[in-house]
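Engineer: So here's target.txt, just compact mmCIF, C-alpha atoms and all ligand atoms:
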# COMPACT_ATOMS: atom_id res chain seq x y z
CA MET A 1 -74.01 1.43 -2.94
CA THR A 2 -71.07 2.17 -5.21
CA ARG A 3 -67.61 1.72 -3.81
CA PRO A 4 -65.25 4.66 -4.38
CA THR A 5 -62.70 4.00 -7.14
CA PRO A 6 -59.39 3.18 -5.50
CA GLY A 7 -56.49 5.50 -6.27
CA ALA A 8 -53.67 4.43 -8.51
CA GLY A 9 -49.92 4.21 -8.64
CA ARG A 10 -47.90 4.18 -11.83
CA PHE A 11 -44.63 3.61 -13.62
CA ALA A 12 -43.72 6.06 -16.35
CA PRO A 13 -40.65 5.03 -18.35
CA SER A 14 -39.07 7.21 -21.02
CA PRO A 15 -38.23 5.06 -24.05
CA SER A 16 -34.70 6.40 -24.48
CA ALA A 17 -33.07 2.97 -24.01
CA ASP A 18 -33.88 -0.51 -22.74
CA LEU A 19 -34.69 -0.59 -19.03
CA HIS A 20 -31.75 -1.58 -16.82
CA ILE A 21 -31.97 -3.42 -13.55
CA GLY A 22 -32.21 -0.14 -11.63
CA ASN A 23 -35.25 0.99 -13.64
CA LEU A 24 -36.81 -2.44 -13.17
CA ARG A 25 -36.21 -2.27 -9.42
CA THR A 26 -37.91 1.13 -9.25
CA ALA A 27 -40.86 -0.30 -11.22
CA VAL A 28 -41.10 -3.25 -8.83
CA LEU A 29 -41.17 -0.83 -5.89
CA ALA A 30 -43.84 1.36 -7.50
CA TRP A 31 -45.95 -1.77 -8.06
CA LEU A 32 -45.41 -2.92 -4.45
CA PHE A 33 -46.37 0.47 -2.99
CA ALA A 34 -49.55 0.52 -5.10
CA ARG A 35 -50.65 -3.07 -4.62
CA SER A 36 -49.88 -3.14 -0.89
CA THR A 37 -52.25 -0.19 -0.44
CA GLY A 38 -55.05 -1.58 -2.59
CA ARG A 39 -54.36 0.79 -5.47
CA ARG A 40 -54.65 0.16 -9.18
CA PHE A 41 -51.43 0.28 -11.18
CA LEU A 42 -51.01 2.13 -14.47
CA MET A 43 -48.31 2.35 -17.10
CA ARG A 44 -47.45 5.52 -19.00
CA VAL A 45 -44.96 5.79 -21.85
CA GLU A 46 -43.23 9.17 -21.57
CA ASP A 47 -42.30 9.49 -25.21
CA LEU A 48 -42.50 13.24 -25.76
CA ASP A 49 -38.77 13.31 -26.48
CA ASP A 50 -38.55 9.89 -28.10
CA ARG A 51 -41.67 9.79 -30.27
CA THR A 52 -40.13 7.46 -32.79
CA HIS A 53 -38.90 4.92 -30.23
CA THR A 54 -42.00 2.74 -30.26
CA ASP A 55 -39.87 -0.39 -30.51
CA ILE A 56 -37.92 0.53 -27.37
CA ALA A 57 -41.17 1.43 -25.57
CA GLN A 58 -42.68 -1.92 -26.49
CA ARG A 59 -39.59 -3.78 -25.24
CA GLN A 60 -39.79 -1.84 -21.97
CA LEU A 61 -43.43 -2.90 -21.51
CA ASP A 62 -42.55 -6.50 -22.39
CA ASP A 63 -39.69 -6.51 -19.86
CA LEU A 64 -41.95 -5.08 -17.13
CA ALA A 65 -44.53 -7.78 -17.81
CA ALA A 66 -41.82 -10.46 -17.89
CA ILE A 67 -40.65 -9.69 -14.36
CA GLY A 68 -44.23 -9.96 -13.14
CA ILE A 69 -45.52 -6.40 -13.06
CA THR A 70 -49.21 -6.16 -13.89
CA TRP A 71 -51.25 -3.11 -14.86
CA ASP A 72 -54.94 -2.43 -15.01
CA GLU A 73 -55.48 -0.38 -18.15
CA GLU A 74 -53.95 -0.06 -21.57
CA PRO A 75 -50.71 1.94 -21.26
CA THR A 76 -51.06 5.60 -22.21
CA TRP A 77 -48.58 7.33 -24.51
CA GLN A 78 -47.76 10.97 -23.89
CA SER A 79 -47.21 11.62 -27.59
CA GLN A 80 -50.95 11.00 -28.09
CA GLN A 81 -52.05 13.52 -25.45
CA GLN A 82 -50.91 16.82 -26.98
CA GLN A 83 -54.44 18.26 -26.83
CA ARG A 84 -54.76 17.80 -23.11
CA TYR A 85 -51.45 19.56 -22.46
CA ASP A 86 -52.36 22.42 -24.80
CA ALA A 87 -55.74 22.83 -23.11
CA VAL A 88 -54.14 23.08 -19.68
CA ILE A 89 -51.55 25.58 -20.91
CA ASP A 90 -54.31 27.66 -22.56
CA GLY A 91 -56.14 27.72 -19.22
CA LEU A 92 -53.01 28.99 -17.43
CA VAL A 93 -52.47 31.60 -20.17
CA ALA A 94 -56.04 32.83 -19.66
CA ARG A 95 -55.29 33.23 -15.95
CA GLY A 96 -52.21 35.37 -16.70
CA LEU A 97 -49.89 32.69 -15.30
CA VAL A 98 -47.73 32.15 -18.37
CA TYR A 99 -45.09 34.23 -20.13
CA GLU A 100 -42.90 33.81 -23.17
CA CYS A 101 -39.21 33.22 -22.61
CA TYR A 102 -36.57 33.79 -25.25
CA CYS A 103 -33.55 32.77 -23.21
CA SER A 104 -31.13 30.13 -24.38
CA ARG A 105 -29.51 27.79 -21.89
CA LYS A 106 -26.39 29.94 -22.12
CA ASP A 107 -28.37 33.14 -21.41
CA ILE A 108 -29.77 31.54 -18.27
CA LEU A 109 -26.41 30.32 -17.00
CA SER A 110 -24.73 33.67 -17.57
CA ALA A 111 -27.57 35.84 -16.19
CA PRO A 112 -26.87 37.54 -12.87
CA ARG A 113 -28.68 35.84 -10.03
CA ALA A 114 -30.40 37.60 -7.15
CA PRO A 115 -28.36 37.13 -3.94
CA HIS A 116 -30.58 34.42 -2.48
CA ALA A 117 -31.79 32.83 -5.69
CA PRO A 118 -31.24 29.09 -5.65
CA GLU A 119 -28.81 27.58 -8.10
CA GLY A 120 -30.33 26.31 -11.31
CA ALA A 121 -33.46 28.41 -10.87
CA TYR A 122 -34.63 30.57 -13.77
CA PRO A 123 -33.57 34.15 -12.97
CA GLY A 124 -36.76 35.71 -14.38
CA THR A 125 -35.06 37.48 -17.30
CA CYS A 126 -38.16 37.46 -19.56
CA ARG A 127 -40.79 37.81 -16.82
CA GLU A 128 -41.49 41.51 -17.27
CA LEU A 129 -40.75 42.06 -20.96
CA SER A 130 -42.95 44.73 -22.53
CA ALA A 131 -45.04 43.95 -25.60
CA ASP A 132 -42.48 45.86 -27.73
CA GLU A 133 -39.57 43.94 -26.30
CA ARG A 134 -41.38 40.67 -27.01
CA THR A 135 -42.05 41.68 -30.59
CA ALA A 136 -38.38 42.54 -31.05
CA LYS A 137 -37.29 39.19 -29.59
CA ARG A 138 -39.75 37.33 -31.77
CA GLU A 139 -38.46 39.07 -34.86
CA ALA A 140 -34.93 38.09 -33.89
CA GLY A 141 -36.03 34.56 -34.63
CA ARG A 142 -36.01 32.43 -31.53
CA PRO A 143 -39.37 30.69 -30.93
CA PRO A 144 -40.24 31.31 -27.28
CA ALA A 145 -40.66 28.73 -24.58
CA LEU A 146 -43.61 29.26 -22.23
CA ARG A 147 -42.88 29.61 -18.53
CA LEU A 148 -45.11 29.50 -15.49
CA ARG A 149 -45.34 32.73 -13.51
CA ALA A 150 -44.78 31.09 -10.13
CA ASP A 151 -45.37 33.27 -7.10
CA THR A 152 -43.53 31.20 -4.54
CA GLY A 153 -39.81 30.60 -4.25
CA GLU A 154 -40.21 27.15 -2.82
CA TYR A 155 -42.79 24.57 -1.89
CA THR A 156 -42.93 21.66 0.54
CA VAL A 157 -44.08 18.16 -0.34
CA THR A 158 -44.43 15.17 1.93
CA ASP A 159 -42.53 12.09 0.92
CA LEU A 160 -43.05 8.71 2.53
CA LEU A 161 -39.30 8.09 2.65
CA HIS A 162 -37.86 11.60 2.92
CA GLY A 163 -40.49 13.23 5.15
CA PRO A 164 -41.26 16.90 4.45
CA TYR A 165 -39.10 18.06 1.56
CA THR A 166 -38.82 21.71 0.60
CA GLY A 167 -37.47 22.57 -2.83
CA VAL A 168 -37.21 25.31 -5.43
CA VAL A 169 -40.19 26.41 -7.47
CA ASP A 170 -38.93 28.81 -10.12
CA ASP A 171 -40.70 30.00 -13.26
CA PHE A 172 -40.22 26.61 -14.88
CA VAL A 173 -40.92 25.78 -18.52
CA LEU A 174 -44.41 24.53 -19.49
CA ARG A 175 -43.86 24.27 -23.21
CA ARG A 176 -40.49 24.30 -24.92
CA GLY A 177 -39.62 26.56 -27.82
CA ASP A 178 -40.03 23.60 -30.18
CA GLY A 179 -43.65 23.20 -29.04
CA VAL A 180 -43.08 20.07 -26.97
CA PRO A 181 -44.85 20.11 -23.59
CA ALA A 182 -42.31 20.13 -20.76
CA TYR A 183 -41.85 17.10 -18.54
CA ASN A 184 -43.11 18.85 -15.38
CA LEU A 185 -46.35 19.90 -17.06
CA ALA A 186 -47.04 16.56 -18.74
CA VAL A 187 -46.43 14.52 -15.57
CA VAL A 188 -48.75 16.65 -13.46
CA VAL A 189 -51.56 16.65 -16.01
CA ASP A 190 -51.31 12.93 -16.76
CA ASP A 191 -51.10 11.88 -13.12
CA ALA A 192 -54.17 13.94 -12.20
CA LEU A 193 -56.29 12.98 -15.21
CA SER A 194 -55.52 9.27 -14.68
CA GLY A 195 -56.52 9.40 -11.02
CA ILE A 196 -52.96 8.68 -9.88
CA ASP A 197 -52.63 9.60 -6.23
CA GLN A 198 -49.34 7.84 -5.44
CA VAL A 199 -46.08 8.72 -7.20
CA VAL A 200 -43.20 6.29 -6.60
CA ARG A 201 -40.04 6.92 -8.64
CA GLY A 202 -36.27 7.33 -8.39
CA ASP A 203 -34.96 9.88 -5.93
CA ASP A 204 -33.22 11.76 -8.75
CA LEU A 205 -36.69 13.28 -9.28
CA LEU A 206 -37.23 14.36 -5.67
CA ALA A 207 -36.07 17.90 -6.48
CA SER A 208 -38.73 18.17 -9.24
CA SER A 209 -41.58 17.25 -6.95
CA PRO A 210 -42.08 20.72 -5.34
CA ARG A 211 -42.51 22.25 -8.80
CA GLN A 212 -44.95 19.54 -9.80
CA ALA A 213 -46.96 19.67 -6.57
CA TYR A 214 -47.15 23.47 -6.78
CA LEU A 215 -48.46 23.26 -10.35
CA ALA A 216 -50.97 20.58 -9.34
CA GLY A 217 -52.25 22.96 -6.65
CA LEU A 218 -52.60 25.83 -9.16
CA LEU A 219 -54.63 23.54 -11.43
CA GLY A 220 -56.91 22.45 -8.59
CA TYR A 221 -55.62 18.87 -8.67
CA PRO A 222 -55.16 16.84 -5.48
CA GLN A 223 -51.58 16.34 -4.27
CA PRO A 224 -50.33 12.81 -4.72
CA VAL A 225 -48.47 10.88 -2.05
CA TYR A 226 -44.78 10.70 -3.00
CA ALA A 227 -42.15 8.06 -2.36
CA HIS A 228 -38.76 8.74 -3.96
CA VAL A 229 -36.78 5.54 -3.77
CA PRO A 230 -32.98 5.15 -3.81
CA LEU A 231 -31.36 4.62 -7.18
CA VAL A 232 -29.05 1.88 -8.28
CA LEU A 233 -25.47 3.07 -8.76
CA ASN A 234 -22.35 1.55 -10.26
CA ALA A 235 -19.14 0.84 -8.34
CA GLU A 236 -18.03 4.48 -8.82
CA GLY A 237 -21.22 5.75 -7.26
CA LYS A 238 -22.53 6.98 -10.63
CA ARG A 239 -25.83 6.26 -12.30
CA LEU A 240 -25.96 2.74 -13.70
CA ALA A 241 -25.36 2.55 -17.47
CA LYS A 242 -24.97 0.07 -20.25
CA ARG A 243 -21.16 0.03 -19.96
CA ASP A 244 -21.44 -1.29 -16.39
CA GLY A 245 -21.80 -4.86 -17.67
CA ALA A 246 -24.92 -7.00 -17.78
CA VAL A 247 -27.72 -4.64 -16.73
CA THR A 248 -30.76 -5.35 -18.94
CA LEU A 249 -33.28 -8.16 -18.67
CA ASP A 250 -32.09 -9.47 -21.99
CA GLU A 251 -28.55 -9.79 -20.63
CA LEU A 252 -29.45 -11.10 -17.18
CA GLY A 253 -32.48 -13.28 -17.78
CA VAL A 254 -35.64 -12.97 -15.72
CA PRO A 255 -34.84 -15.38 -12.82
CA ARG A 256 -31.45 -13.85 -12.10
CA ALA A 257 -32.66 -10.24 -12.47
CA PHE A 258 -35.61 -10.93 -10.19
CA ALA A 259 -33.38 -12.60 -7.59
CA MET A 260 -30.93 -9.68 -7.64
CA ILE A 261 -33.69 -7.12 -7.26
CA THR A 262 -35.45 -8.88 -4.41
CA GLU A 263 -32.17 -9.63 -2.60
CA SER A 264 -31.14 -5.99 -2.90
CA LEU A 265 -34.41 -5.06 -1.21
CA GLY A 266 -33.82 -7.54 1.60
CA TRP A 267 -36.79 -9.75 0.66
CA PRO A 268 -35.46 -12.59 -1.49
CA ALA A 269 -38.36 -14.04 -3.49
CA HIS A 270 -39.11 -15.89 -6.70
CA ASP A 271 -42.35 -14.17 -7.59
CA MET A 272 -44.21 -10.92 -7.09
CA ALA A 273 -46.92 -12.45 -4.89
CA THR A 274 -44.35 -13.61 -2.32
CA LEU A 275 -42.54 -10.30 -2.54
CA LEU A 276 -45.78 -8.39 -1.99
CA HIS A 277 -46.45 -10.48 1.08
CA GLN A 278 -43.07 -9.51 2.57
CA PHE A 279 -43.05 -5.86 1.48
CA ASP A 280 -42.78 -3.34 4.30
CA PRO A 281 -42.03 0.26 3.28
CA ALA A 282 -40.61 0.97 6.75
CA GLN A 283 -37.87 -1.63 6.14
CA LEU A 284 -36.95 -0.38 2.69
CA PRO A 285 -33.19 0.27 2.26
CA ARG A 286 -32.58 4.03 2.32
CA GLU A 287 -29.17 3.88 0.67
CA PRO A 288 -28.51 3.45 -3.05
CA TRP A 289 -27.94 -0.11 -4.18
CA ILE A 290 -24.41 -0.44 -5.49
CA TYR A 291 -24.71 -2.83 -8.38
CA GLN A 292 -22.07 -5.54 -8.78
CA PRO A 293 -22.19 -6.81 -12.34
CA VAL A 294 -22.32 -10.57 -12.68
N1 LIG B 301 -40.14 9.37 -17.36
C1 LIG B 301 -39.35 9.64 -16.20
C2 LIG B 301 -38.10 8.77 -16.23
O1 LIG B 301 -38.09 7.75 -16.91
C3 LIG B 301 -40.08 9.39 -14.91
C4 LIG B 301 -41.09 10.42 -14.63
C5 LIG B 301 -41.84 10.24 -13.33
O2 LIG B 301 -41.87 9.13 -12.79
O3 LIG B 301 -42.42 11.23 -12.89
O4 LIG B 301 -37.13 9.12 -15.59
Starting from the coordinates I provided, produce the structure as structure tokens.
Structural biologist:
Amino acid sequence: MTRPTPGAGRFAPSPSADLHIGNLRTAVLAWLFARSTGRRFLMRVEDLDDRTHTDIAQRQLDDLAAIGITWDEEPTWQSQQQQRYDAVIDGLVARGLVYECYCSRKDILSAPRAPHAPEGAYPGTCRELSADERTAKREAGRPPALRLRADTGEYTVTDLLHGPYTGVVDDFVLRRGDGVPAYNLAVVVDDALSGIDQVVRGDDLLASSPRQAYLAGLLGYPQPVYAHVPLVLNAEGKRLAKRDGAVTLDELGVPRAFAMITESLGWPAHDMATLLHQFDPAQLPREPWIYQPV
């Protein structure tokens, strides 16, 4: 008898800068959620925007390993998966679910919005362009982005910490004008093709999850379980940044960083095994951790 392959959780850093203690804390939580439910844990480098930052990516992986996070397969790099994204986009094009968009950011912001359209949602300017209008736009020079023709205004996901969460699903971008696959597309495709069925990440991404879950449904992928965890903020209540003092593993050292993370969670520990033993998602702090630099 073969046992079914367990599902997997993941951490998916973008190599824009060294990980700070908030990123590390989110990674620890993703690992705890996965391991405490018998899942595998995978690492994905989200380097579509930072393709040349292999040194930063490598330091991120080293830092994650140094604080005790383990993963079960070689990390995957999004920059090496262009073919899989293109294949999925081609499939959506064949189903009539994609259109070209020539709008700039400014066009979108200044476009009139329908009375009930949610803020920040694409107003649909290019949705019904005729073939002639498209040709004219193309000749004007701007390479088009590709957008999903979404037929729902919103979608509801279930989040382990937030409960049912309903958010906007507009005609979001699948491939940017410069040819780079969009974040929402890449995440959905990679999670599904890696067998990831549990997505734990910062709650700044909660609002993206309805778009991603809707796209997963269109592609026939299963919906992952979500847990969007509170972020770490500075004393002003803003996102933690380099200028907030010692925030990276390099600056803090592993023992101190690990102690700060586990204390902030309410389970002081010296190693991941002890932390895993104490972990209880129901007791997880629901408020952001306000970081006091040392
Ligand atoms: N790469 C994203 C980030 O570093 C995370 C994407 C995700 O977890 O879905 O913010």
Engineer: With only C-alpha atoms and all ligand atoms counted, collect every polymer residue having an atom within 6 Å of ligand LIG 301 (chain B); state the result as a PDB file with C-alpha atoms, in the frame of the given file.
Structural biologist:
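The new file selection-v1.pdb reads:
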ATOM      1  CA  ALA A  12     -43.720   6.060 -16.350  1.00  0.00           C
ATOM      2  CA  PRO A  13     -40.650   5.030 -18.350  1.00  0.00           C
ATOM      3  CA  SER A  14     -39.070   7.210 -21.020  1.00  0.00           C
ATOM      4  CA  GLU A  46     -43.230   9.170 -21.570  1.00  0.00           C
ATOM      5  CA  VAL A 187     -46.430  14.520 -15.570  1.00  0.00           C
ATOM      6  CA  ARG A 201     -40.040   6.920  -8.640  1.00  0.00           C
TER       7      ARG A 201
END
Engineer: Determine, for each residue of segment 121-203 of chain A having at least one atom at most 10 Å from an atom of segment 92-110 of chain A, the closest pair of atoms and their separation in Å to one decimal, counting all atoms listed in the file; order by chain and ascending number, as CSV.
Structural biologist:
residue,atom,partner,partner_atom,distance
A:Ala121,CA,A:Ile108,CA,8.8
A:Tyr122,CA,A:Ile108,CA,6.7
A:Pro123,CA,A:Ile108,CA,7.0
A:Gly124,CA,A:Cys101,CA,8.9
A:Thr125,CA,A:Cys103,CA,7.7
A:Cys126,CA,A:Cys101,CA,5.3
A:Arg127,CA,A:Tyr99,CA,6.5
A:Glu128,CA,A:Tyr99,CA,8.6
A:Leu129,CA,A:Glu100,CA,8.8
A:Arg134,CA,A:Glu100,CA,8.0
A:Lys137,CA,A:Tyr102,CA,7.0
A:Arg138,CA,A:Tyr102,CA,8.1
A:Ala140,CA,A:Tyr102,CA,9.8
A:Gly141,CA,A:Tyr102,CA,9.4
A:Arg142,CA,A:Tyr102,CA,6.4
A:Pro143,CA,A:Tyr102,CA,7.1
A:Pro144,CA,A:Tyr102,CA,4.9
A:Ala145,CA,A:Cys101,CA,5.1
A:Leu146,CA,A:Glu100,CA,4.7
A:Arg147,CA,A:Tyr99,CA,5.4
A:Leu148,CA,A:Val98,CA,4.7
A:Arg149,CA,A:Leu97,CA,4.9
A:Ala150,CA,A:Leu97,CA,7.4
A:Asp151,CA,A:Leu97,CA,9.4
A:Asp171,CA,A:Val98,CA,9.0
A:Phe172,CA,A:Val98,CA,10.0
A:Val173,CA,A:Cys101,CA,8.7
A:Leu174,CA,A:Val98,CA,8.4
A:Arg175,CA,A:Glu100,CA,9.6
A:Arg176,CA,A:Cys101,CA,9.3
A:Gly177,CA,A:Tyr102,CA,8.3
Engineer: If I take atom CA of Ile56 of chain A and atom CA of Ala27 of chain A, how far is one from the other in Å, to one decimal?
Structural biologist: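 These two atoms are separated by 16.4 Å.
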Engineer: Using all atoms listed in the file, which protein or nucleic acid residues come within 7 Å of Leu206 of chain A? Drop anything in the same chain fewer than 3 positions from it, and give the result as a list of chain:residue names.
Structural biologist: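 Skipping anything fewer than 3 positions along the chain leaves A:Asp203, A:Ser209, A:His228.
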Engineer: Rank nothing, just name the residue among A:Ser36, A:Ser130, A:Thr52, A:Gln283 nearest to Trp267 of chain A, using only C-alpha atoms.
Structural biologist: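 Between A:Ser36, A:Ser130, A:Thr52, A:Gln283, the residue approaching Trp267 of chain A most closely is A:Gln283.
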Engineer: Just to confirm, what's the straight-line distance from atom CA of Leu205 of chain A to atom CA of Asp72 of chain A in Å (one decimal)?
Structural biologist: 24.8 Å
Engineer: Please identify all polymer residues lying at most 12 Å from the point (-34.6, -7.4, -6.1) (file coordinates), using only C-alpha atoms, and present the result as a count of residues only.
Structural biologist: 38
Engineer: Name the closest residue to Ser79 of chain A among the candidates A:Ala131, A:Val200, A:Ala186, A:Ala192; distances are taken between atoms, counting all atoms listed in the file.
Structural biologist: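 Among the listed residues, A:Ala186 lies closest to Ser79 of chain A.
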